[in-house]
Amino acid sequence: MAKATTKDRILASLRNCKGKVFLRDDFNRFGTYRQVCRVVKELSDEGKLMRLGYGTYVKARPSSISGKPVPDESLVNIGLEAMKKLGVKADIGKDMRALIQGDSTQVPMLPIVNIGNARVCRKLSVGNRSLIYEKN
């Protein structure tokens with residue numbers, strides 16, 4: 001029986017993982033740095049992963065409208081999961097919190113994540129939409 005390639009092992013890991021966001025370091029155990037970079041680029045080109053920012057990727061699926069890859073989650077949920085993986089305590093923004101609590105009827109249009117007092121300079125974006133950080 002043939003040995004599984006780096007791509008096969010990363011694909012199996014993506015299928016078995018319940019999380020949607022992956023850091024580049026999550027794939028280090030599957031091969032050398034160059035092998036993993038090559039496979040991640042191939043998966044991005046195939047539409048199975050999308051690049052969010054530096055070393056950050058999200059699972060993707062084909063759009064029902066255009067057929068182009070789109071993320072499985074909303075940008076706010078992706079941002080919250082990415083911040084958790086990066087070790088930053090994050091929560092939804094104050095406008096979304098007001099909507100959920102019933103204090104407001106306005107739906108926020110921008111994907112805003114509250115990062116408390118943490119310093120984050122990583123830009124996370126999908127297409128032309130970027131995640132916005134809100135401090136306390």
# chains A, B, ... in the order shown; residues from 1 in each chain; ligands from 1

$ select_by_dssp --residues "chain A" --states "strand (DSSP E or B)" --output "VMD selection string"
chain A and resid 21 to 23 49 to 53 56 to 62 69 to 71 91 to 92 112 to 116 125 to 126 129 to 130 132 to 135

$ residues_around --residues "Lys18 (chain A)" --least-positions-apart "4" --cutoff "12 Å" --atoms "only C-alpha atoms" --output "PDB file with C-alpha atoms, in the first residue's frame"
ATOM      1  CA  ALA A  12      -7.678  14.167   6.023  1.00  0.00           C
ATOM      2  CA  SER A  13      -6.877  16.566   8.845  1.00  0.00           C
ATOM      3  CA  LEU A  14      -9.134  19.237   7.335  1.00  0.00           C
ATOM      4  CA  PHE A  22      -6.211  27.099  10.591  1.00  0.00           C
ATOM      5  CA  VAL A  58     -10.176  29.108   6.564  1.00  0.00           C
ATOM      6  CA  LYS A  59     -12.126  26.176   5.092  1.00  0.00           C
ATOM      7  CA  ASP A  72     -18.002  28.388   5.518  1.00  0.00           C
ATOM      8  CA  GLU A  81     -11.984  31.675  16.084  1.00  0.00           C
TER       9      GLU A  81
END

$ residues_around --residues "region 29-34 of chain A" --least-positions-apart "2" --cutoff "12 Å" --atoms "only C-alpha atoms" --output "mmCIF file with all heavy atoms, in the first residue's frame"
data_model
loop_
_atom_site.group_PDB
_atom_site.id
_atom_site.type_symbol
_atom_site.label_atom_id
_atom_site.label_comp_id
_atom_site.auth_asym_id
_atom_site.auth_seq_id
_atom_site.Cartn_x
_atom_site.Cartn_y
_atom_site.Cartn_z
ATOM 1 N N ALA A 4 0.807 7.670 2.357
ATOM 2 C CA ALA A 4 0.005 8.868 2.118
ATOM 3 C C ALA A 4 0.916 10.072 1.898
ATOM 4 O O ALA A 4 1.904 10.248 2.602
ATOM 5 C CB ALA A 4 -0.916 9.124 3.297
ATOM 6 N N THR A 5 0.566 10.878 0.931
ATOM 7 C CA THR A 5 1.354 12.070 0.652
ATOM 8 C C THR A 5 1.023 13.161 1.665
ATOM 9 O O THR A 5 0.048 13.053 2.431
ATOM 10 C CB THR A 5 1.073 12.592 -0.765
ATOM 11 O OG1 THR A 5 -0.302 12.979 -0.831
ATOM 12 C CG2 THR A 5 1.370 11.538 -1.814
ATOM 13 N N THR A 6 1.798 14.219 1.629
ATOM 14 C CA THR A 6 1.562 15.355 2.528
ATOM 15 C C THR A 6 0.181 15.941 2.260
ATOM 16 O O THR A 6 -0.551 16.270 3.192
ATOM 17 C CB THR A 6 2.652 16.425 2.314
ATOM 18 O OG1 THR A 6 3.930 15.830 2.506
ATOM 19 C CG2 THR A 6 2.490 17.569 3.279
ATOM 20 N N LYS A 7 -0.185 16.030 1.001
ATOM 21 C CA LYS A 7 -1.492 16.582 0.651
ATOM 22 C C LYS A 7 -2.627 15.710 1.180
ATOM 23 O O LYS A 7 -3.613 16.220 1.711
ATOM 24 C CB LYS A 7 -1.599 16.729 -0.861
ATOM 25 C CG LYS A 7 -2.862 17.413 -1.321
ATOM 26 C CD LYS A 7 -2.842 17.650 -2.806
ATOM 27 C CE LYS A 7 -4.081 18.371 -3.263
ATOM 28 N NZ LYS A 7 -4.063 18.658 -4.689
ATOM 29 N N ASP A 8 -2.471 14.388 1.052
ATOM 30 C CA ASP A 8 -3.504 13.470 1.556
ATOM 31 C C ASP A 8 -3.679 13.614 3.064
ATOM 32 O O ASP A 8 -4.801 13.623 3.571
ATOM 33 C CB ASP A 8 -3.150 12.028 1.227
ATOM 34 C CG ASP A 8 -3.149 11.753 -0.266
ATOM 35 O OD1 ASP A 8 -3.835 12.495 -0.996
ATOM 36 O OD2 ASP A 8 -2.451 10.810 -0.692
ATOM 37 N N ARG A 9 -2.559 13.734 3.772
ATOM 38 C CA ARG A 9 -2.641 13.847 5.236
ATOM 39 C C ARG A 9 -3.256 15.174 5.665
ATOM 40 O O ARG A 9 -4.040 15.226 6.611
ATOM 41 C CB ARG A 9 -1.262 13.655 5.856
ATOM 42 C CG ARG A 9 -0.751 12.223 5.647
ATOM 43 C CD ARG A 9 0.501 11.944 6.397
ATOM 44 N NE ARG A 9 1.586 12.769 5.868
ATOM 45 C CZ ARG A 9 2.794 12.829 6.390
ATOM 46 N NH1 ARG A 9 3.078 12.126 7.446
ATOM 47 N NH2 ARG A 9 3.718 13.588 5.851
ATOM 48 N N ILE A 10 -2.944 16.269 4.956
ATOM 49 C CA ILE A 10 -3.530 17.565 5.299
ATOM 50 C C ILE A 10 -5.021 17.569 4.978
ATOM 51 O O ILE A 10 -5.831 18.082 5.759
ATOM 52 C CB ILE A 10 -2.774 18.706 4.580
ATOM 53 C CG1 ILE A 10 -1.384 18.874 5.205
ATOM 54 C CG2 ILE A 10 -3.556 20.009 4.646
ATOM 55 C CD1 ILE A 10 -0.515 19.913 4.548
ATOM 56 N N LEU A 11 -5.408 16.985 3.845
ATOM 57 C CA LEU A 11 -6.829 16.899 3.509
ATOM 58 C C LEU A 11 -7.605 16.079 4.536
ATOM 59 O O LEU A 11 -8.727 16.438 4.920
ATOM 60 C CB LEU A 11 -7.011 16.296 2.118
ATOM 61 C CG LEU A 11 -6.829 17.246 0.945
ATOM 62 C CD1 LEU A 11 -6.835 16.487 -0.362
ATOM 63 C CD2 LEU A 11 -7.901 18.308 0.952
ATOM 64 N N ALA A 12 -7.023 14.977 4.994
ATOM 65 C CA ALA A 12 -7.678 14.167 6.023
ATOM 66 C C ALA A 12 -7.823 14.959 7.316
ATOM 67 O O ALA A 12 -8.854 14.891 7.992
ATOM 68 C CB ALA A 12 -6.882 12.890 6.263
ATOM 69 N N SER A 13 -6.819 15.731 7.650
ATOM 70 C CA SER A 13 -6.877 16.566 8.845
ATOM 71 C C SER A 13 -7.972 17.626 8.718
ATOM 72 O O SER A 13 -8.689 17.894 9.684
ATOM 73 C CB SER A 13 -5.520 17.230 9.081
ATOM 74 O OG SER A 13 -5.591 18.139 10.142
ATOM 75 N N ARG A 24 -0.890 28.394 9.846
ATOM 76 C CA ARG A 24 0.131 27.681 9.065
ATOM 77 C C ARG A 24 0.859 26.665 9.942
ATOM 78 O O ARG A 24 1.192 25.569 9.511
ATOM 79 C CB ARG A 24 1.086 28.726 8.463
ATOM 80 C CG ARG A 24 2.387 28.229 7.891
ATOM 81 C CD ARG A 24 2.156 27.346 6.700
ATOM 82 N NE ARG A 24 3.369 26.757 6.222
ATOM 83 C CZ ARG A 24 4.074 25.812 6.847
ATOM 84 N NH1 ARG A 24 3.708 25.387 8.009
ATOM 85 N NH2 ARG A 24 5.144 25.306 6.297
ATOM 86 N N ASP A 25 1.054 27.005 11.205
ATOM 87 C CA ASP A 25 1.760 26.115 12.134
ATOM 88 C C ASP A 25 0.972 24.844 12.455
ATOM 89 O O ASP A 25 1.559 23.855 12.906
ATOM 90 C CB ASP A 25 2.067 26.843 13.438
ATOM 91 C CG ASP A 25 3.037 27.995 13.242
ATOM 92 O OD1 ASP A 25 3.761 27.984 12.220
ATOM 93 O OD2 ASP A 25 3.080 28.889 14.101
ATOM 94 N N ASP A 26 -0.324 24.835 12.227
ATOM 95 C CA ASP A 26 -1.132 23.637 12.494
ATOM 96 C C ASP A 26 -0.762 22.487 11.565
ATOM 97 O O ASP A 26 -1.029 21.328 11.872
ATOM 98 C CB ASP A 26 -2.620 23.945 12.328
ATOM 99 C CG ASP A 26 -3.136 24.927 13.365
ATOM 100 O OD1 ASP A 26 -2.454 25.131 14.387
ATOM 101 O OD2 ASP A 26 -4.219 25.502 13.142
ATOM 102 N N PHE A 27 -0.154 22.795 10.417
ATOM 103 C CA PHE A 27 0.176 21.771 9.431
ATOM 104 C C PHE A 27 1.638 21.342 9.486
ATOM 105 O O PHE A 27 2.064 20.529 8.670
ATOM 106 C CB PHE A 27 -0.133 22.284 8.026
ATOM 107 C CG PHE A 27 -1.572 22.683 7.831
ATOM 108 C CD1 PHE A 27 -1.882 23.948 7.373
ATOM 109 C CD2 PHE A 27 -2.603 21.808 8.100
ATOM 110 C CE1 PHE A 27 -3.192 24.329 7.180
ATOM 111 C CE2 PHE A 27 -3.915 22.182 7.916
ATOM 112 C CZ PHE A 27 -4.212 23.444 7.453
ATOM 113 N N VAL A 36 4.709 21.735 3.035
ATOM 114 C CA VAL A 36 3.437 22.213 3.567
ATOM 115 C C VAL A 36 3.010 23.496 2.855
ATOM 116 O O VAL A 36 1.841 23.656 2.503
ATOM 117 C CB VAL A 36 3.530 22.413 5.098
ATOM 118 C CG1 VAL A 36 2.301 23.108 5.630
ATOM 119 C CG2 VAL A 36 3.709 21.072 5.786
ATOM 120 N N CYS A 37 3.942 24.405 2.615
ATOM 121 C CA CYS A 37 3.608 25.639 1.893
ATOM 122 C C CYS A 37 3.070 25.338 0.505
ATOM 123 O O CYS A 37 2.086 25.940 0.056
ATOM 124 C CB CYS A 37 4.837 26.548 1.782
ATOM 125 S SG CYS A 37 5.237 27.386 3.306
ATOM 126 N N ARG A 38 3.691 24.402 -0.169
ATOM 127 C CA ARG A 38 3.265 24.023 -1.514
ATOM 128 C C ARG A 38 1.857 23.426 -1.486
ATOM 129 O O ARG A 38 1.005 23.765 -2.319
ATOM 130 C CB ARG A 38 4.261 23.027 -2.104
ATOM 131 C CG ARG A 38 4.109 22.805 -3.582
ATOM 132 C CD ARG A 38 5.179 21.880 -4.138
ATOM 133 N NE ARG A 38 6.525 22.315 -3.807
ATOM 134 C CZ ARG A 38 7.414 21.597 -3.104
ATOM 135 N NH1 ARG A 38 7.097 20.389 -2.684
ATOM 136 N NH2 ARG A 38 8.609 22.062 -2.853
ATOM 137 N N VAL A 39 1.595 22.553 -0.526
ATOM 138 C CA VAL A 39 0.280 21.904 -0.429
ATOM 139 C C VAL A 39 -0.799 22.923 -0.062
ATOM 140 O O VAL A 39 -1.893 22.911 -0.638
ATOM 141 C CB VAL A 39 0.319 20.745 0.585
ATOM 142 C CG1 VAL A 39 -1.071 20.250 0.901
ATOM 143 C CG2 VAL A 39 1.180 19.624 0.060
ATOM 144 N N VAL A 40 -0.493 23.814 0.867
ATOM 145 C CA VAL A 40 -1.477 24.823 1.265
ATOM 146 C C VAL A 40 -1.797 25.729 0.081
ATOM 147 O O VAL A 40 -2.951 26.097 -0.143
ATOM 148 C CB VAL A 40 -0.969 25.624 2.482
ATOM 149 C CG1 VAL A 40 -1.813 26.844 2.734
ATOM 150 C CG2 VAL A 40 -0.955 24.739 3.724
ATOM 151 N N LYS A 41 -0.808 26.067 -0.708
ATOM 152 C CA LYS A 41 -1.051 26.884 -1.913
ATOM 153 C C LYS A 41 -1.908 26.113 -2.918
ATOM 154 O O LYS A 41 -2.832 26.682 -3.508
ATOM 155 C CB LYS A 41 0.267 27.289 -2.554
ATOM 156 C CG LYS A 41 0.073 28.060 -3.844
ATOM 157 C CD LYS A 41 1.080 29.120 -4.027
ATOM 158 C CE LYS A 41 0.939 29.901 -5.303
ATOM 159 N NZ LYS A 41 -0.330 30.054 -5.893
#

$ closest_residue --among "A:Val126, A:Ile112, A:Leu131, A:Ile92" --to "Tyr57 (chain A)" --atoms "only C-alpha atoms"
A:Val126

$ select_by_dssp --residues "region 1-133 of chain A" --states "alpha helix (DSSP H)" --output "NGL selection string"
:A and (6-16 or 33-46 or 75-86 or 94-101)

$ closest_residue --among "A:Lys135, A:Arg15, A:Arg51, A:Lys3" --to "Gly93 (chain A)" --atoms "only C-alpha atoms"
A:Lys135

$ residues_around --residues "Thr56 (chain A)" --least-positions-apart "2" --cutoff "6 Å" --atoms "only C-alpha atoms" --output "ChimeraX atom specification"
/A:22-23,52-54

$ residues_around --residues "Asn117 (chain A)" --least-positions-apart "6" --cutoff "12 Å" --atoms "only C-alpha atoms" --output "NGL selection string"
:A and (88-91 or 133-136)
